[in-house]
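Novice: Structure provided below as structure tokens; questions to follow.
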Amino acid sequence: MILSILLSIILLLSPIAYADDIQAGDAAPDFRLMTLKGEVLSLTDYRNSILVFIYWNPEHKRSALALNDAQSIFNKYGKKGVQFAGITADAGKKDVVLNIVDTDKIEFPILLDNERKVYDNYQIRVYPTTVIIDKEGKLSYILPGHPLTYAAALEGYIRLALGEIDKDSLTEILSPGKEDVDESANEAERRYNLALEFAGSGLSGQAIETVKKSIESKPDIAKSHILLGFLLLGNKEADQALSSFDKAIELDPDSKDAKTGLGEVYILKNELDKAIEILTSATVANPYSQKAYYDLGRAYELTGEKDRSIEMYKKAVHNILEKNLLPSSFSKCK
């Protein structure tokens, strides 16, 4: 635990990019990309501004979290000469990208890296990756991933670039010893990720016990209850799974994954009308709706509505193979 925190802090504090051939202070590689609105923007368009761009994947939940954090910081610093952009290589999923941008009210431009030149030139290794470029077009920092300290770190780097704080103040912001670090959240996240590894290895019992410990560490994290619910469903424990999904919806009323899980519970309990109602709501404005459509197909099939069942299965199949049918918040669905 301590070692992992220290490693995260070292990565965040280091002004040197993690790619071998890109260093802080180097001229940032130029780019010329089309936006979702059909405009063309290049790095030179941002000269004399601090540019923050987030290279993201629309099917990675942490990418969406980074975009939302960036939007909040953009609202705060946009008038101070700080510009933001999102860059994605998934041009083939433009509808999904548009839906996320619209739903999350992302106001800064989203650029399409169709030929993955920015991906290669900036040596992107993980999603999301956040790059900060100074007013002279030089690389300042690269922040890989979306750790718990992401929003504070990004704002700190921006304030340093603006001259509002010095490096000692930035170090204090990023310090693991700060009182506002939520150790229970860190522990809950660690156990949640370990439970995912157990689940991916087919170790259901260990996964269930580990995610329960995650919930004990931090009971108010919806995704832990969702994961527990789906693991319990795998054991056909419908009533216990129902309790987990109900708790997740209490914490996050808009959770499509929790609603999908509830729908599957009702299928298991043979309450098909309830299942169809809640699964239908889970597909609305949901870029990760393949599991909900698959379960809708099952529900309609059990009611004897074959045409509707086939329609739902078709909607699920074009996005996902049957072996990957897991909810978006903890699956590796592509």
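Just remember, in the structure tokens the first chain shown is A, the second B, etc., residues are 1-based per chain, and ligands are 1-based in the order shown.
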Would you return as an NGL selection string the members of region 59-198 of chain A that DSSP assigns to helix (DSSP H, G or I) on this structure's backbone?

Specialist: :A and (61-80 or 91-103 or 117-121 or 150-162 or 167-174 or 183-198)

Novice: Take the residues from that selection and put them in a file with C-alpha atoms, as a PDB file, in the first residue's frame.

Specialist:
```
ATOM      1  CA  LYS A  61     -14.631   4.673 -17.439  1.00  0.00           C
ATOM      2  CA  ARG A  62     -11.539   6.366 -16.007  1.00  0.00           C
ATOM      3  CA  SER A  63     -11.196   8.276 -19.270  1.00  0.00           C
ATOM      4  CA  ALA A  64     -14.673   9.706 -18.772  1.00  0.00           C
ATOM      5  CA  LEU A  65     -13.773  10.597 -15.183  1.00  0.00           C
ATOM      6  CA  ALA A  66     -10.676  12.448 -16.413  1.00  0.00           C
ATOM      7  CA  LEU A  67     -12.769  14.391 -18.941  1.00  0.00           C
ATOM      8  CA  ASN A  68     -15.191  15.420 -16.211  1.00  0.00           C
ATOM      9  CA  ASP A  69     -12.378  16.529 -13.917  1.00  0.00           C
ATOM     10  CA  ALA A  70     -10.826  18.455 -16.797  1.00  0.00           C
ATOM     11  CA  GLN A  71     -14.152  20.169 -17.540  1.00  0.00           C
ATOM     12  CA  SER A  72     -14.411  21.335 -13.911  1.00  0.00           C
ATOM     13  CA  ILE A  73     -10.854  22.693 -14.015  1.00  0.00           C
ATOM     14  CA  PHE A  74     -11.500  24.288 -17.435  1.00  0.00           C
ATOM     15  CA  ASN A  75     -14.472  26.126 -15.926  1.00  0.00           C
ATOM     16  CA  LYS A  76     -12.104  27.522 -13.311  1.00  0.00           C
ATOM     17  CA  TYR A  77      -9.029  28.337 -15.410  1.00  0.00           C
ATOM     18  CA  GLY A  78     -10.320  28.802 -18.959  1.00  0.00           C
ATOM     19  CA  LYS A  79     -10.375  32.571 -18.546  1.00  0.00           C
ATOM     20  CA  LYS A  80      -6.753  32.571 -17.388  1.00  0.00           C
ATOM     21  CA  ALA A  91     -13.179   7.656 -34.665  1.00  0.00           C
ATOM     22  CA  GLY A  92     -15.174   4.532 -35.531  1.00  0.00           C
ATOM     23  CA  LYS A  93     -17.101   5.028 -32.304  1.00  0.00           C
ATOM     24  CA  LYS A  94     -18.056   8.602 -33.048  1.00  0.00           C
ATOM     25  CA  ASP A  95     -21.647   8.100 -31.867  1.00  0.00           C
ATOM     26  CA  VAL A  96     -20.392   6.836 -28.502  1.00  0.00           C
ATOM     27  CA  VAL A  97     -17.982   9.765 -28.238  1.00  0.00           C
ATOM     28  CA  LEU A  98     -20.724  12.249 -29.088  1.00  0.00           C
ATOM     29  CA  ASN A  99     -23.018  10.700 -26.500  1.00  0.00           C
ATOM     30  CA  ILE A 100     -20.406  10.975 -23.744  1.00  0.00           C
ATOM     31  CA  VAL A 101     -19.583  14.572 -24.671  1.00  0.00           C
ATOM     32  CA  ASP A 102     -23.272  15.509 -24.721  1.00  0.00           C
ATOM     33  CA  THR A 103     -24.239  13.618 -21.557  1.00  0.00           C
ATOM     34  CA  LYS A 117      -0.089  10.040 -34.949  1.00  0.00           C
ATOM     35  CA  VAL A 118      -0.532  11.852 -31.651  1.00  0.00           C
ATOM     36  CA  TYR A 119      -0.760   8.466 -29.929  1.00  0.00           C
ATOM     37  CA  ASP A 120       2.620   7.509 -31.397  1.00  0.00           C
ATOM     38  CA  ASN A 121       4.367  10.893 -31.183  1.00  0.00           C
ATOM     39  CA  TYR A 150      -5.722  13.288 -10.460  1.00  0.00           C
ATOM     40  CA  ALA A 151      -7.846  16.433 -10.121  1.00  0.00           C
ATOM     41  CA  ALA A 152      -5.636  17.935  -7.401  1.00  0.00           C
ATOM     42  CA  ALA A 153      -2.473  17.083  -9.328  1.00  0.00           C
ATOM     43  CA  LEU A 154      -3.722  18.532 -12.609  1.00  0.00           C
ATOM     44  CA  GLU A 155      -4.867  21.756 -10.982  1.00  0.00           C
ATOM     45  CA  GLY A 156      -1.537  21.982  -9.168  1.00  0.00           C
ATOM     46  CA  TYR A 157       0.471  21.647 -12.386  1.00  0.00           C
ATOM     47  CA  ILE A 158      -1.706  24.280 -14.052  1.00  0.00           C
ATOM     48  CA  ARG A 159      -1.261  26.695 -11.157  1.00  0.00           C
ATOM     49  CA  LEU A 160       2.500  26.123 -11.320  1.00  0.00           C
ATOM     50  CA  ALA A 161       2.484  26.843 -15.073  1.00  0.00           C
ATOM     51  CA  LEU A 162       0.507  30.029 -14.425  1.00  0.00           C
ATOM     52  CA  LYS A 167       7.372  23.830  -6.768  1.00  0.00           C
ATOM     53  CA  ASP A 168       7.373  23.511  -2.992  1.00  0.00           C
ATOM     54  CA  SER A 169       3.677  24.310  -2.934  1.00  0.00           C
ATOM     55  CA  LEU A 170       3.058  21.763  -5.692  1.00  0.00           C
ATOM     56  CA  THR A 171       4.917  19.139  -3.675  1.00  0.00           C
ATOM     57  CA  GLU A 172       2.694  19.923  -0.707  1.00  0.00           C
ATOM     58  CA  ILE A 173      -0.425  19.513  -2.865  1.00  0.00           C
ATOM     59  CA  LEU A 174       0.759  16.113  -4.067  1.00  0.00           C
ATOM     60  CA  GLU A 183      -6.975   6.254   3.189  1.00  0.00           C
ATOM     61  CA  SER A 184     -10.227   4.300   3.415  1.00  0.00           C
ATOM     62  CA  ALA A 185     -10.942   5.151  -0.226  1.00  0.00           C
ATOM     63  CA  ASN A 186      -7.436   4.049  -1.196  1.00  0.00           C
ATOM     64  CA  GLU A 187      -7.898   0.742   0.594  1.00  0.00           C
ATOM     65  CA  ALA A 188     -11.352   0.242  -0.925  1.00  0.00           C
ATOM     66  CA  GLU A 189      -9.962   0.879  -4.415  1.00  0.00           C
ATOM     67  CA  ARG A 190      -7.087  -1.552  -3.852  1.00  0.00           C
ATOM     68  CA  ARG A 191      -9.423  -4.322  -2.697  1.00  0.00           C
ATOM     69  CA  TYR A 192     -11.865  -3.581  -5.527  1.00  0.00           C
ATOM     70  CA  ASN A 193      -9.109  -3.968  -8.116  1.00  0.00           C
ATOM     71  CA  LEU A 194      -7.926  -7.173  -6.450  1.00  0.00           C
ATOM     72  CA  ALA A 195     -11.482  -8.517  -6.553  1.00  0.00           C
ATOM     73  CA  LEU A 196     -11.547  -7.787 -10.290  1.00  0.00           C
ATOM     74  CA  GLU A 197      -8.383  -9.835 -10.732  1.00  0.00           C
ATOM     75  CA  PHE A 198      -9.889 -12.751  -8.805  1.00  0.00           C
TER      76      PHE A 198
END
```

Novice: List every residue of region 142-248 of chain A that has an atom at most 10 Å from any atom of region 261-271 of chain A, and for each one report the closest atom pair and its distance in Å to one decimal, counting only C-alpha atoms, with rows sorted by chain and then by increasing residue number, as JSON lines.

Specialist:
```
{"residue": "A:Ile226", "atom": "CA", "partner": "A:Gly261", "partner_atom": "CA", "distance": 7.5}
{"residue": "A:Leu227", "atom": "CA", "partner": "A:Gly261", "partner_atom": "CA", "distance": 9.4}
{"residue": "A:Gly229", "atom": "CA", "partner": "A:Gly261", "partner_atom": "CA", "distance": 7.0}
{"residue": "A:Phe230", "atom": "CA", "partner": "A:Gly261", "partner_atom": "CA", "distance": 6.5}
{"residue": "A:Leu232", "atom": "CA", "partner": "A:Val265", "partner_atom": "CA", "distance": 9.9}
{"residue": "A:Leu233", "atom": "CA", "partner": "A:Val265", "partner_atom": "CA", "distance": 7.1}
{"residue": "A:Lys236", "atom": "CA", "partner": "A:Leu268", "partner_atom": "CA", "distance": 7.6}
{"residue": "A:Glu237", "atom": "CA", "partner": "A:Val265", "partner_atom": "CA", "distance": 8.8}
{"residue": "A:Ala238", "atom": "CA", "partner": "A:Val265", "partner_atom": "CA", "distance": 5.6}
{"residue": "A:Asp239", "atom": "CA", "partner": "A:Val265", "partner_atom": "CA", "distance": 7.9}
{"residue": "A:Gln240", "atom": "CA", "partner": "A:Val265", "partner_atom": "CA", "distance": 9.6}
{"residue": "A:Ala241", "atom": "CA", "partner": "A:Val265", "partner_atom": "CA", "distance": 7.0}
{"residue": "A:Leu242", "atom": "CA", "partner": "A:Leu262", "partner_atom": "CA", "distance": 6.3}
{"residue": "A:Ser243", "atom": "CA", "partner": "A:Leu262", "partner_atom": "CA", "distance": 9.3}
{"residue": "A:Ser244", "atom": "CA", "partner": "A:Leu262", "partner_atom": "CA", "distance": 9.2}
{"residue": "A:Phe245", "atom": "CA", "partner": "A:Leu262", "partner_atom": "CA", "distance": 6.1}
{"residue": "A:Asp246", "atom": "CA", "partner": "A:Leu262", "partner_atom": "CA", "distance": 7.8}
```

Novice: Taking 4 positions as the minimum chain separation for residues in the same chain, which residues sit within 8 Å of region 26-28 of chain A when counting only C-alpha atoms? Answer as an MDAnalysis selection string.

Specialist: chainID A and resid 22 133 137:139

Novice: As an exercise, work out the distance from CA of Leu111 (chain A) to CA of Asn57 (chain A) in Å and give it to one decimal place.

Specialist: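 One can read the CA of Leu111 (chain A) to CA of Asn57 (chain A) distance as 12.1 Å.
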
Novice: For CA of Glu136 (chain A) and CA of Ile124 (chain A), determine how far apart the two atoms are, in Å to one decimal place.

Specialist: 21.8 Å

Novice: Check the DSSP output for the backbone and give back, as an MDAnalysis selection string, the residues of region 30-250 of chain A in strand (DSSP E or B).

Specialist: chainID A and resid 32:35 40:42 50:55 82:88 110:112 129:133 138:144

Novice: Expressed in Å to a single decimal, how great is the separation between CA of Ser289 (chain A) and CA of Asp257 (chain A)?

Specialist: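 Spanning CA of Ser289 (chain A) to CA of Asp257 (chain A) is a straight-line distance of 8.7 Å.
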
Novice: Between A:Gly86, A:Pro109, A:Gly304, A:Gly205, which has the minimum distance to Val131 (chain A) (counting only C-alpha atoms)?

Specialist: A:Gly86

Novice: Determine the nearest neighbour of Ile106 (chain A) from the options A:Phe84, A:Tyr122, A:Phe31, A:Tyr300, counting only C-alpha atoms.

Specialist: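 Among the listed residues, the smallest separation from Ile106 (chain A) belongs to A:Phe84.
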
Novice: Restricting the calculation to only C-alpha atoms, which member of A:Ile310, A:Ile215, A:Ala282, A:Ala316 is positioned closest to Lys247 (chain A)?

Specialist: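 Of all the options, A:Ile215 lies closest to Lys247 (chain A).
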
Novice: May I have the residues within 6 Å of region 33-49 of chain A as a list in words, using only C-alpha atoms and disregarding those fewer than 5 positions away in the same chain?

Specialist: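 So, after excluding close chain neighbours, the residues are Gly81, Val82, Ile110, Leu111, Leu112 and Lys135 of chain A.
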
Novice: Emit the selected residues as a PDB file, in the first residue's frame, including N, CA and C atoms.

Specialist:
```
ATOM      1  N   GLY A  81      -6.252  31.801 -19.642  1.00  0.00           N
ATOM      2  CA  GLY A  81      -5.355  31.426 -20.727  1.00  0.00           C
ATOM      3  C   GLY A  81      -5.013  29.950 -20.755  1.00  0.00           C
ATOM      4  N   VAL A  82      -5.822  29.126 -20.093  1.00  0.00           N
ATOM      5  CA  VAL A  82      -5.607  27.673 -20.110  1.00  0.00           C
ATOM      6  C   VAL A  82      -6.663  27.040 -21.008  1.00  0.00           C
ATOM      7  N   ILE A 110     -13.129  18.102 -28.890  1.00  0.00           N
ATOM      8  CA  ILE A 110     -12.679  16.714 -28.936  1.00  0.00           C
ATOM      9  C   ILE A 110     -12.093  16.480 -30.324  1.00  0.00           C
ATOM     10  N   LEU A 111     -10.815  16.111 -30.384  1.00  0.00           N
ATOM     11  CA  LEU A 111     -10.110  15.926 -31.648  1.00  0.00           C
ATOM     12  C   LEU A 111      -9.984  14.438 -31.965  1.00  0.00           C
ATOM     13  N   LEU A 112     -10.030  14.122 -33.255  1.00  0.00           N
ATOM     14  CA  LEU A 112     -10.010  12.733 -33.707  1.00  0.00           C
ATOM     15  C   LEU A 112      -8.637  12.388 -34.280  1.00  0.00           C
ATOM     16  N   LYS A 135       3.058  27.805 -22.843  1.00  0.00           N
ATOM     17  CA  LYS A 135       2.695  28.841 -23.822  1.00  0.00           C
ATOM     18  C   LYS A 135       3.653  28.891 -25.004  1.00  0.00           C
TER      19      LYS A 135
END
```

Novice: Could you check which of A:Gln290, A:Gln123, A:Ser140, A:Thr303 is closest to Asp273 (chain A), using only C-alpha atoms?

Specialist: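 Going through A:Gln290, A:Gln123, A:Ser140, A:Thr303 one by one, the smallest distance to Asp273 (chain A) is for A:Thr303.
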